[in-house]
>>> print(open('data32.cif').read())   # mmCIF, C-alpha atoms
data_final
loop_
_atom_site.label_atom_id
_atom_site.label_comp_id
_atom_site.auth_asym_id
_atom_site.auth_seq_id
_atom_site.Cartn_x
_atom_site.Cartn_y
_atom_site.Cartn_z
CA MET A 1390 142.35 98.05 121.81
CA SER A 1391 139.21 100.14 122.31
CA ASP A 1392 137.14 99.69 125.46
CA GLU A 1393 134.11 101.45 123.96
CA LEU A 1394 131.05 99.24 124.36
CA LYS A 1395 128.93 98.85 121.21
CA ARG A 1396 125.77 96.99 122.20
CA GLY A 1397 124.49 94.84 119.37
CA LEU A 1398 127.78 95.57 117.56
CA GLU A 1399 126.06 98.76 116.39
CA GLY A 1400 128.21 100.33 113.69
CA VAL A 1401 131.16 98.02 114.32
CA LEU A 1402 133.01 97.11 111.11
CA VAL A 1403 133.89 93.41 111.28
CA ALA A 1404 134.34 92.31 107.67
CA GLU A 1405 134.63 93.34 104.04
CA SER A 1406 132.27 91.89 101.46
CA ASP A 1407 131.70 92.04 97.70
CA LEU A 1408 128.20 90.57 98.02
CA SER A 1409 125.66 93.24 98.92
CA TYR A 1410 125.43 96.86 99.96
CA VAL A 1411 122.57 98.63 101.71
CA ASP A 1412 122.31 102.42 101.50
CA GLY A 1413 119.72 103.24 104.11
CA GLU A 1414 119.67 106.96 103.43
CA ALA A 1415 119.06 106.64 99.69
CA GLY A 1416 116.94 103.50 99.88
CA ARG A 1417 119.22 101.35 97.70
CA LEU A 1418 120.09 97.66 97.81
CA VAL A 1419 122.88 96.37 95.58
CA TYR A 1420 124.07 92.81 94.88
CA ARG A 1421 127.64 92.80 93.50
CA GLY A 1422 127.13 96.23 91.94
CA TYR A 1423 123.67 95.56 90.47
CA ASP A 1424 120.67 97.52 91.76
CA ILE A 1425 118.02 95.26 93.23
CA GLU A 1426 115.37 96.77 90.94
CA ASP A 1427 117.27 95.59 87.85
CA LEU A 1428 117.84 92.12 89.26
CA ALA A 1429 114.30 91.63 90.55
CA ARG A 1430 112.74 92.71 87.26
CA GLY A 1431 115.28 91.25 84.86
CA ALA A 1432 116.93 88.21 86.43
CA SER A 1433 115.66 84.93 87.81
CA TYR A 1434 116.46 83.76 91.34
CA GLU A 1435 118.78 81.18 89.81
CA GLU A 1436 120.71 83.98 88.07
CA VAL A 1437 120.97 85.82 91.38
CA LEU A 1438 122.28 82.71 93.13
CA TYR A 1439 124.89 82.34 90.41
CA LEU A 1440 125.83 86.00 90.83
CA LEU A 1441 126.21 85.68 94.61
CA TRP A 1442 128.06 82.37 94.49
CA ARG A 1443 130.21 82.81 91.38
CA GLY A 1444 130.75 86.56 91.25
CA SER A 1445 129.14 87.42 87.90
CA LEU A 1446 125.86 87.00 86.06
CA PRO A 1447 125.81 83.79 83.99
CA THR A 1448 125.71 83.41 80.24
CA ARG A 1449 122.78 81.45 78.83
CA ALA A 1450 124.85 78.25 78.72
CA GLU A 1451 126.14 78.78 82.26
CA LEU A 1452 122.63 79.48 83.54
CA ASP A 1453 121.17 76.39 81.86
CA ALA A 1454 123.86 74.18 83.40
CA PHE A 1455 123.55 75.81 86.82
CA THR A 1456 119.74 75.55 86.79
CA ALA A 1457 119.89 71.89 85.80
CA ASP A 1458 122.41 71.12 88.54
CA LEU A 1459 120.25 72.87 91.13
CA ALA A 1460 117.08 71.11 89.99
CA ALA A 1461 118.83 67.73 90.10
CA GLU A 1462 119.42 68.16 93.85
CA ARG A 1463 115.80 68.80 94.88
CA ALA A 1464 114.87 65.28 95.97
CA VAL A 1465 115.00 64.62 99.73
CA ASP A 1466 115.67 61.25 101.37
CA ASP A 1467 112.56 59.40 102.60
CA ASP A 1468 113.88 59.39 106.17
CA VAL A 1469 113.98 63.19 106.15
CA LEU A 1470 110.47 63.38 104.74
CA GLU A 1471 109.27 60.99 107.43
CA ALA A 1472 110.91 63.15 110.10
CA VAL A 1473 109.22 66.20 108.60
CA ARG A 1474 105.86 64.41 108.75
CA MET A 1475 106.42 63.49 112.39
CA LEU A 1476 107.28 67.10 113.22
CA ALA A 1477 104.10 68.27 111.48
CA ASP A 1478 102.03 65.71 113.40
CA ALA A 1479 103.60 66.91 116.65
CA GLY A 1480 102.55 70.49 115.90
CA GLU A 1481 106.10 71.80 115.55
CA ARG A 1482 106.56 75.40 114.39
CA PRO A 1483 107.59 75.63 110.72
CA MET A 1484 110.92 77.38 111.39
CA ALA A 1485 111.84 74.84 114.04
CA ALA A 1486 110.90 72.01 111.69
CA LEU A 1487 113.06 73.55 108.96
CA ARG A 1488 115.98 73.95 111.36
CA THR A 1489 115.74 70.27 112.31
CA ALA A 1490 115.37 69.08 108.72
CA VAL A 1491 118.33 71.06 107.38
CA SER A 1492 120.52 69.68 110.14
CA MET A 1493 119.32 66.18 109.29
CA LEU A 1494 120.09 66.67 105.60
CA SER A 1495 123.80 66.54 106.40
CA ALA A 1496 123.45 62.82 107.16
CA TYR A 1497 122.80 62.27 103.44
CA GLU A 1498 125.49 64.61 102.13
CA PRO A 1499 127.59 62.69 99.55
CA GLU A 1500 130.62 64.91 100.24
CA ASP A 1501 130.43 64.83 104.03
CA ASP A 1502 134.13 64.01 104.22
CA ALA A 1503 135.19 67.01 102.09
CA ASP A 1504 138.06 69.14 103.35
CA PRO A 1505 136.53 72.20 105.12
CA GLU A 1506 138.98 74.38 103.17
CA ASP A 1507 137.69 73.03 99.83
CA LEU A 1508 135.36 75.93 99.05
CA ASP A 1509 134.16 74.39 95.79
CA ALA A 1510 132.91 71.43 97.81
CA THR A 1511 131.28 73.85 100.26
CA LEU A 1512 129.44 75.51 97.38
CA ARG A 1513 128.26 72.13 96.10
CA GLN A 1514 126.96 71.33 99.57
CA GLY A 1515 125.30 74.74 99.66
CA ARG A 1516 123.66 74.03 96.32
CA ARG A 1517 122.15 70.84 97.75
CA ILE A 1518 120.84 72.67 100.81
CA THR A 1519 119.34 75.46 98.69
CA ALA A 1520 117.70 72.97 96.34
CA LYS A 1521 116.20 70.85 99.12
CA ILE A 1522 114.80 73.53 101.45
CA PRO A 1523 111.72 74.14 99.22
CA THR A 1524 111.06 70.39 99.10
CA VAL A 1525 111.24 70.16 102.89
CA LEU A 1526 108.98 73.16 103.45
CA ALA A 1527 106.35 72.06 100.94
CA ALA A 1528 106.33 68.55 102.39
CA PHE A 1529 105.91 69.95 105.91
CA GLU A 1530 102.94 72.11 104.96
CA ARG A 1531 101.27 69.30 103.04
CA ALA A 1532 101.79 66.97 106.01
CA ARG A 1533 100.03 69.50 108.23
CA GLN A 1534 97.11 69.37 105.81
CA GLY A 1535 97.07 65.57 105.80
CA GLU A 1536 98.38 65.44 102.23
CA ALA A 1537 101.24 63.41 100.75
CA PRO A 1538 104.29 65.32 99.53
CA VAL A 1539 104.49 66.28 95.86
CA ALA A 1540 107.69 65.26 94.11
CA PRO A 1541 109.70 68.14 92.66
CA ASP A 1542 109.44 68.89 88.96
CA PRO A 1543 112.90 69.45 87.42
CA ASP A 1544 111.35 71.31 84.49
CA LEU A 1545 110.07 74.12 86.70
CA SER A 1546 112.06 77.04 88.08
CA HIS A 1547 113.10 77.18 91.73
CA ALA A 1548 110.18 79.50 92.51
CA ALA A 1549 107.52 77.79 90.40
CA ASN A 1550 108.53 74.36 91.65
CA PHE A 1551 107.98 75.35 95.29
CA LEU A 1552 104.47 76.63 94.55
CA TYR A 1553 103.80 73.44 92.60
CA MET A 1554 105.01 71.19 95.44
CA LEU A 1555 102.99 73.23 97.93
CA THR A 1556 99.67 73.06 96.07
CA GLY A 1557 100.01 70.19 93.61
CA THR A 1558 99.10 72.59 90.80
CA GLU A 1559 101.53 74.33 88.48
CA PRO A 1560 101.32 78.09 89.18
CA ASP A 1561 100.30 80.65 86.59
CA ASP A 1562 102.92 82.96 85.13
CA VAL A 1563 102.04 85.94 87.34
CA SER A 1564 102.31 83.88 90.54
CA ALA A 1565 105.57 82.22 89.51
CA GLU A 1566 107.13 85.52 88.44
CA THR A 1567 106.02 87.25 91.65
CA PHE A 1568 107.40 84.54 93.90
CA ASP A 1569 110.65 84.47 91.96
CA MET A 1570 110.95 88.24 92.52
CA ALA A 1571 110.27 87.80 96.23
CA LEU A 1572 113.08 85.24 96.49
CA THR A 1573 115.47 87.60 94.71
CA LEU A 1574 114.53 90.50 96.99
CA HIS A 1575 115.29 88.45 100.12
CA ALA A 1576 118.44 86.69 98.91
CA ASP A 1577 120.92 88.93 100.71
CA HIS A 1578 120.94 92.08 102.80
CA GLY A 1579 124.35 92.90 104.19
CA LEU A 1580 125.54 91.67 107.56
CA ASN A 1581 122.17 91.15 109.25
CA ALA A 1582 121.79 88.96 112.35
CA SER A 1583 121.22 85.63 110.59
CA THR A 1584 123.96 86.23 108.02
CA PHE A 1585 126.40 87.18 110.77
CA THR A 1586 125.41 84.05 112.69
CA ALA A 1587 126.13 81.85 109.68
CA MET A 1588 129.41 83.67 109.13
CA VAL A 1589 130.51 83.25 112.75
CA ILE A 1590 129.83 79.53 112.48
CA GLY A 1591 131.66 79.41 109.16
CA SER A 1592 134.66 81.15 110.72
CA THR A 1593 135.23 78.06 112.87
CA MET A 1594 135.46 76.06 109.61
CA ALA A 1595 132.32 74.16 110.58
CA ASP A 1596 130.43 72.64 107.66
CA VAL A 1597 127.92 74.77 105.75
CA TYR A 1598 124.98 72.73 107.10
CA SER A 1599 125.88 74.09 110.53
CA GLY A 1600 126.05 77.62 109.19
CA VAL A 1601 122.65 77.43 107.49
CA THR A 1602 121.09 75.74 110.53
CA GLY A 1603 122.42 78.57 112.69
CA GLY A 1604 121.12 81.16 110.25
CA ILE A 1605 117.65 79.60 110.43
CA GLY A 1606 117.78 79.76 114.21
CA ALA A 1607 118.69 83.44 114.16
CA LEU A 1608 116.06 84.28 111.55
CA SER A 1609 113.35 82.59 113.62
CA GLY A 1610 113.59 85.27 116.31
CA SER A 1611 110.79 87.82 116.53
CA LEU A 1612 113.20 90.73 116.09
CA HIS A 1613 114.50 89.45 112.76
CA GLY A 1614 112.41 87.34 110.42
CA GLY A 1615 108.82 87.45 111.60
CA ALA A 1616 107.65 90.95 110.70
CA ASN A 1617 105.83 89.92 107.51
CA GLN A 1618 103.74 87.50 109.55
CA ASP A 1619 103.00 90.30 112.01
CA VAL A 1620 101.86 92.55 109.16
CA MET A 1621 99.54 89.91 107.77
CA GLU A 1622 98.03 89.20 111.17
CA VAL A 1623 97.33 92.93 111.59
CA LEU A 1624 95.67 93.08 108.15
CA GLN A 1625 93.54 90.08 109.09
CA GLU A 1626 92.63 91.82 112.34
CA VAL A 1627 91.61 94.92 110.39
CA ASP A 1628 89.52 92.77 108.05
CA ALA A 1629 87.76 91.07 110.96
CA SER A 1630 86.88 94.42 112.56
CA ASP A 1631 84.05 96.74 111.61
CA LYS A 1632 86.48 99.60 110.95
CA ASN A 1633 88.14 100.88 107.83
CA PRO A 1634 91.95 100.48 107.79
CA VAL A 1635 92.71 104.12 108.66
CA GLN A 1636 90.37 104.17 111.65
CA TRP A 1637 91.74 100.86 112.86
CA VAL A 1638 95.31 102.20 112.69
CA LYS A 1639 94.31 105.42 114.46
CA ASP A 1640 92.75 103.45 117.31
CA ALA A 1641 95.68 101.03 117.48
CA ARG A 1642 98.19 103.87 117.75
CA ASP A 1643 96.06 105.58 120.40
CA ASP A 1644 96.27 102.32 122.34
CA GLY A 1645 100.07 102.40 122.07
CA ARG A 1646 100.34 99.66 119.46
CA ARG A 1647 103.14 99.72 116.92
CA ILE A 1648 102.14 99.12 113.29
CA PRO A 1649 104.42 96.36 111.91
CA GLY A 1650 106.05 96.79 108.53
CA PHE A 1651 107.16 100.35 109.23
CA GLY A 1652 110.71 101.19 110.25
CA HIS A 1653 114.01 99.43 109.62
CA ARG A 1654 117.36 99.20 111.36
CA VAL A 1655 119.12 100.53 108.24
CA TYR A 1656 116.59 102.16 105.88
CA LYS A 1657 115.48 105.70 106.68
CA VAL A 1658 113.32 105.93 103.54
CA LYS A 1659 111.01 103.46 101.83
CA ASP A 1660 112.67 100.08 101.41
CA PRO A 1661 113.38 99.52 97.67
CA ARG A 1662 112.14 95.95 98.04
CA ALA A 1663 108.81 97.27 99.33
CA ARG A 1664 108.36 99.37 96.20
CA ILE A 1665 108.78 96.31 93.99
CA LEU A 1666 106.48 94.06 96.02
CA GLU A 1667 103.85 96.80 96.09
CA GLU A 1668 103.81 96.65 92.29
CA LYS A 1669 103.57 92.85 92.33
CA LEU A 1670 100.73 92.94 94.86
CA SER A 1671 98.92 95.21 92.42
CA ASP A 1672 99.54 92.71 89.60
CA LEU A 1673 98.28 89.81 91.71
CA SER A 1674 95.22 91.79 92.78
CA GLU A 1675 94.42 92.63 89.18
CA SER A 1676 94.92 88.99 88.15
CA SER A 1677 92.66 87.62 90.90
CA GLY A 1678 90.13 90.45 90.96
CA ASP A 1679 90.57 90.77 94.74
CA THR A 1680 92.09 94.12 95.76
CA LYS A 1681 91.38 93.93 99.50
CA TRP A 1682 94.96 93.65 100.77
CA LEU A 1683 96.18 96.21 98.25
CA ASP A 1684 93.48 98.63 99.35
CA TYR A 1685 94.29 98.11 103.03
CA THR A 1686 98.06 98.50 102.69
CA THR A 1687 97.73 101.53 100.41
CA ALA A 1688 95.34 103.25 102.81
CA ILE A 1689 97.55 102.54 105.84
CA GLU A 1690 100.72 103.71 104.10
CA GLU A 1691 99.08 106.92 102.89
CA TYR A 1692 97.71 107.69 106.36
CA LEU A 1693 101.00 107.03 108.19
CA THR A 1694 102.84 109.08 105.58
CA GLU A 1695 100.44 111.98 106.24
CA GLN A 1696 101.21 111.56 109.95
CA GLY A 1697 104.87 112.28 109.24
CA LEU A 1698 106.38 108.86 109.94
CA ILE A 1699 108.51 108.85 106.82
CA GLU A 1700 109.86 112.29 107.68
CA LYS A 1701 110.98 110.74 110.99
CA GLY A 1702 112.78 107.94 109.13
CA ILE A 1703 110.03 105.38 109.80
CA ALA A 1704 109.13 104.16 106.32
CA PRO A 1705 107.52 101.00 104.87
CA ASN A 1706 109.90 98.05 104.76
CA VAL A 1707 109.79 94.90 102.66
CA ASP A 1708 107.60 93.09 105.20
CA PHE A 1709 104.79 95.61 104.81
CA TYR A 1710 104.02 94.15 101.38
CA SER A 1711 105.55 90.66 101.36
CA GLY A 1712 102.89 89.23 103.67
CA SER A 1713 100.06 90.35 101.40
CA VAL A 1714 101.91 88.97 98.38
CA TYR A 1715 102.39 85.58 100.04
CA ASP A 1716 98.75 85.45 101.12
CA SER A 1717 97.70 86.19 97.55
CA LEU A 1718 99.81 83.20 96.49
CA GLY A 1719 97.96 80.95 98.95
CA ILE A 1720 100.84 80.56 101.40
CA PRO A 1721 99.92 80.10 105.09
CA VAL A 1722 100.92 82.94 107.42
CA ASP A 1723 103.30 80.93 109.60
CA MET A 1724 105.22 79.84 106.49
CA TYR A 1725 106.32 83.39 105.64
CA THR A 1726 109.51 83.34 107.71
CA PRO A 1727 110.51 79.86 106.43
CA ILE A 1728 110.15 81.25 102.89
CA PHE A 1729 112.44 84.09 103.95
CA ALA A 1730 114.93 81.39 104.99
CA MET A 1731 114.44 79.57 101.68
CA SER A 1732 115.64 82.65 99.86
CA ARG A 1733 118.24 83.91 102.34
CA ALA A 1734 120.01 80.54 102.48
CA GLY A 1735 121.66 81.51 99.21
CA GLY A 1736 123.06 84.65 100.82
CA TRP A 1737 124.18 82.81 103.95
CA ILE A 1738 126.12 80.32 101.85
CA ALA A 1739 127.72 83.09 99.79
CA HIS A 1740 128.88 84.92 102.92
CA VAL A 1741 130.27 81.77 104.52
CA VAL A 1742 132.31 80.95 101.43
CA GLU A 1743 133.46 84.54 100.96
CA TYR A 1744 134.61 84.81 104.58
CA GLN A 1745 136.37 81.44 104.52
CA GLU A 1746 138.45 82.57 101.53
CA ASP A 1747 140.43 84.72 103.98
CA ASN A 1748 139.28 83.21 107.23
CA ARG A 1749 139.92 84.44 110.73
CA LEU A 1750 138.04 82.97 113.67
CA ILE A 1751 135.51 85.54 114.87
CA ARG A 1752 136.26 86.10 118.55
CA PRO A 1753 134.98 89.33 120.12
CA ARG A 1754 135.42 90.10 123.80
CA ALA A 1755 133.18 91.23 126.63
CA ARG A 1756 133.97 93.66 129.41
CA TYR A 1757 133.95 91.80 132.71
CA THR A 1758 131.61 93.41 135.26
CA GLY A 1759 131.48 90.62 137.84
CA PRO A 1760 132.85 90.50 141.40
CA GLU A 1761 136.55 90.59 142.24
CA GLY A 1762 138.54 88.67 144.81
CA SER A 1763 135.88 86.10 145.68
CA GLU A 1764 137.19 83.67 148.29
CA PHE A 1765 136.54 80.03 147.54
CA VAL A 1766 134.91 78.02 150.34
CA PRO A 1767 134.69 74.19 150.14
CA VAL A 1768 131.18 72.90 149.60
CA ASP A 1769 130.74 71.44 153.12
CA GLU A 1770 131.66 74.76 154.70
CA ARG A 1771 129.25 76.94 152.73
#
>>> encode(input="data32.cif", output="structure tokens")
Amino acid sequence: MSDELKRGLEGVLVAESDLSYVDGEAGRLVYRGYDIEDLARGASYEEVLYLLWRGSLPTRAELDAFTADLAAERAVDDDVLEAVRMLADAGERPMAALRTAVSMLSAYEPEDDADPEDLDATLRQGRRITAKIPTVLAAFERARQGEAPVAPDPDLSHAANFLYMLTGTEPDDVSAETFDMALTLHADHGLNASTFTAMVIGSTMADVYSGVTGGIGALSGSLHGGANQDVMEVLQEVDASDKNPVQWVKDARDDGRRIPGFGHRVYKVKDPRARILEEKLSDLSESSGDTKWLDYTTAIEEYLTEQGLIEKGIAPNVDFYSGSVYDSLGIPVDMYTPIFAMSRAGGWIAHVVEYQEDNRLIRPRARYTGPEGSEFVPVDER
């Protein structure tokens, strides 16, 4: 047994997975053998869920049945919606509200007595969670705006339905396609912190609601899921200043500020997801006639590239463009990380089920560095 300390489990191999592969040197992301570019441009989020959960891309008949089953699970119990409204009224943070709501959803799970080793039942539970998260998030945002929730539309896709429930208006094709792509791009990404959290919980044979709730908690941390919000807040800061984007970045770096959206724990070149969202931001800008965010991000990326950041392995990641895309879709800044969770829940569920197929309780150890030989003294003699 090795005594080498690996802080953050850096480089420690703890599992095998068929689900996704990240090649940080080449800038590739693969889901079950398929390049992310092919899936994002050619498959719907529902197809990607099917791929992650079932192991292969669906036929047309399989996809139609799967999509209908997912859409049929979108409705959320009135008690949960009331709890969501109360959380909104109390000023709760969106990720915390989502964490609470997903945990509460288990109270209305029709298969709550399923055998933990029945992985088909776990997938059905996961399908319900995945279907209901958009309903919860849209209801929360509408409650914050003093608006009643919009009932889900079973005739719309997973992506289009969320935008519809959020705004009350059916999205145009460009918006729906862009958001669907964004969900696909965020569906899975190897053994990141939130996925590992869900998997650790799953290794105890806890129910999948616990795993997803834990994943949400991990994703809510500032070192994991919030970078796209940070990017958008910087762009808004640039916009509110009297400087052009390049000058603003120069001054910020001179002041010791880090520019969010650059650098990644795994990627040493431009994140492949960033390339795709950059294209979609261009499409959205062309559709709306407003190129401001595209102009800002392009100028910043070109400047930092000229400064040699990419040569140092500090390249644009997915968050550098996802924030601008979400803003162009009319999504509030503090909802960006919950949307990340909406997509990644599918990956969390896939990893939990995959790990439980050959389960072993995850139990690492820590090196003890405390005192030795402490002599106990009764409380009245201390």
>>> closest_residue(input="data32.cif", among="A:Glu1530, A:Asp1427, A:Asp1507, A:Glu1498", to="Ala1477 of chain A", atoms="all atoms listed in the file")
A:Glu1530
>>> resolve_selection(input="data32.cif", expression="the PyMOL selection byres ((chain A and resi 1473) around 9)", output="MDAnalysis selection string")
chainID A and resid 1468:1472 1474:1478 1486:1487 1489:1490 1525:1526 1528:1529 1532
>>> write_last_selection(input="data32.cif", atoms="C-alpha atoms", output="PDB file, in the coordinates of the input")
ATOM      1  CA  ASP A1468     113.880  59.390 106.170  1.00  0.00           C
ATOM      2  CA  VAL A1469     113.980  63.190 106.150  1.00  0.00           C
ATOM      3  CA  LEU A1470     110.470  63.380 104.740  1.00  0.00           C
ATOM      4  CA  GLU A1471     109.270  60.990 107.430  1.00  0.00           C
ATOM      5  CA  ALA A1472     110.910  63.150 110.100  1.00  0.00           C
ATOM      6  CA  ARG A1474     105.860  64.410 108.750  1.00  0.00           C
ATOM      7  CA  MET A1475     106.420  63.490 112.390  1.00  0.00           C
ATOM      8  CA  LEU A1476     107.280  67.100 113.220  1.00  0.00           C
ATOM      9  CA  ALA A1477     104.100  68.270 111.480  1.00  0.00           C
ATOM     10  CA  ASP A1478     102.030  65.710 113.400  1.00  0.00           C
ATOM     11  CA  ALA A1486     110.900  72.010 111.690  1.00  0.00           C
ATOM     12  CA  LEU A1487     113.060  73.550 108.960  1.00  0.00           C
ATOM     13  CA  THR A1489     115.740  70.270 112.310  1.00  0.00           C
ATOM     14  CA  ALA A1490     115.370  69.080 108.720  1.00  0.00           C
ATOM     15  CA  VAL A1525     111.240  70.160 102.890  1.00  0.00           C
ATOM     16  CA  LEU A1526     108.980  73.160 103.450  1.00  0.00           C
ATOM     17  CA  ALA A1528     106.330  68.550 102.390  1.00  0.00           C
ATOM     18  CA  PHE A1529     105.910  69.950 105.910  1.00  0.00           C
ATOM     19  CA  ALA A1532     101.790  66.970 106.010  1.00  0.00           C
TER      20      ALA A1532
END
>>> resolve_selection(input="data32.cif", expression="the PyMOL selection byres ((chain A and resi 1433) around 10)", output="list in words")
Leu1428, Ala1429, Arg1430, Gly1431, Ala1432, Tyr1434, Glu1435, Glu1436, Val1437, Leu1438, Tyr1439, Leu1452, Ser1546, His1547, Ala1548, Glu1566, Asp1569, Met1570, Leu1572 and Thr1573 of chain A
>>> residues_around(input="data32.cif", residues="segment 1585-1599 of chain A", least_positions_apart="6", cutoff="8 Å", atoms="all atoms listed in the file", output="number ranges by chain")
A: 1491-1492, 1494-1495, 1505-1506, 1511, 1514-1515, 1518, 1607, 1737-1738, 1740-1742, 1744-1745, 1748-1751
>>> closest_residue(input="data32.cif", among="A:Asp1660, A:Asp1458, A:Asp1502, A:Asp1577", to="Ala1415 of chain A", atoms="all atoms listed in the file")
A:Asp1660
>>> resolve_selection(input="data32.cif", expression="the PyMOL selection byres ((chain A and resi 1665) around 9)", output="JSON list (two decimals) with C-alpha atoms, in the coordinates of the input")
[["chain", "number", "residue", "atom", "x", "y", "z"],
["A", 1426, "GLU", "CA", 115.37, 96.77, 90.94],
["A", 1429, "ALA", "CA", 114.30, 91.63, 90.55],
["A", 1430, "ARG", "CA", 112.74, 92.71, 87.26],
["A", 1570, "MET", "CA", 110.95, 88.24, 92.52],
["A", 1571, "ALA", "CA", 110.27, 87.80, 96.23],
["A", 1574, "LEU", "CA", 114.53, 90.50, 96.99],
["A", 1661, "PRO", "CA", 113.38, 99.52, 97.67],
["A", 1662, "ARG", "CA", 112.14, 95.95, 98.04],
["A", 1663, "ALA", "CA", 108.81, 97.27, 99.33],
["A", 1664, "ARG", "CA", 108.36, 99.37, 96.20],
["A", 1666, "LEU", "CA", 106.48, 94.06, 96.02],
["A", 1667, "GLU", "CA", 103.85, 96.80, 96.09],
["A", 1668, "GLU", "CA", 103.81, 96.65, 92.29],
["A", 1669, "LYS", "CA", 103.57, 92.85, 92.33],
["A", 1670, "LEU", "CA", 100.73, 92.94, 94.86],
["A", 1707, "VAL", "CA", 109.79, 94.90, 102.66]]
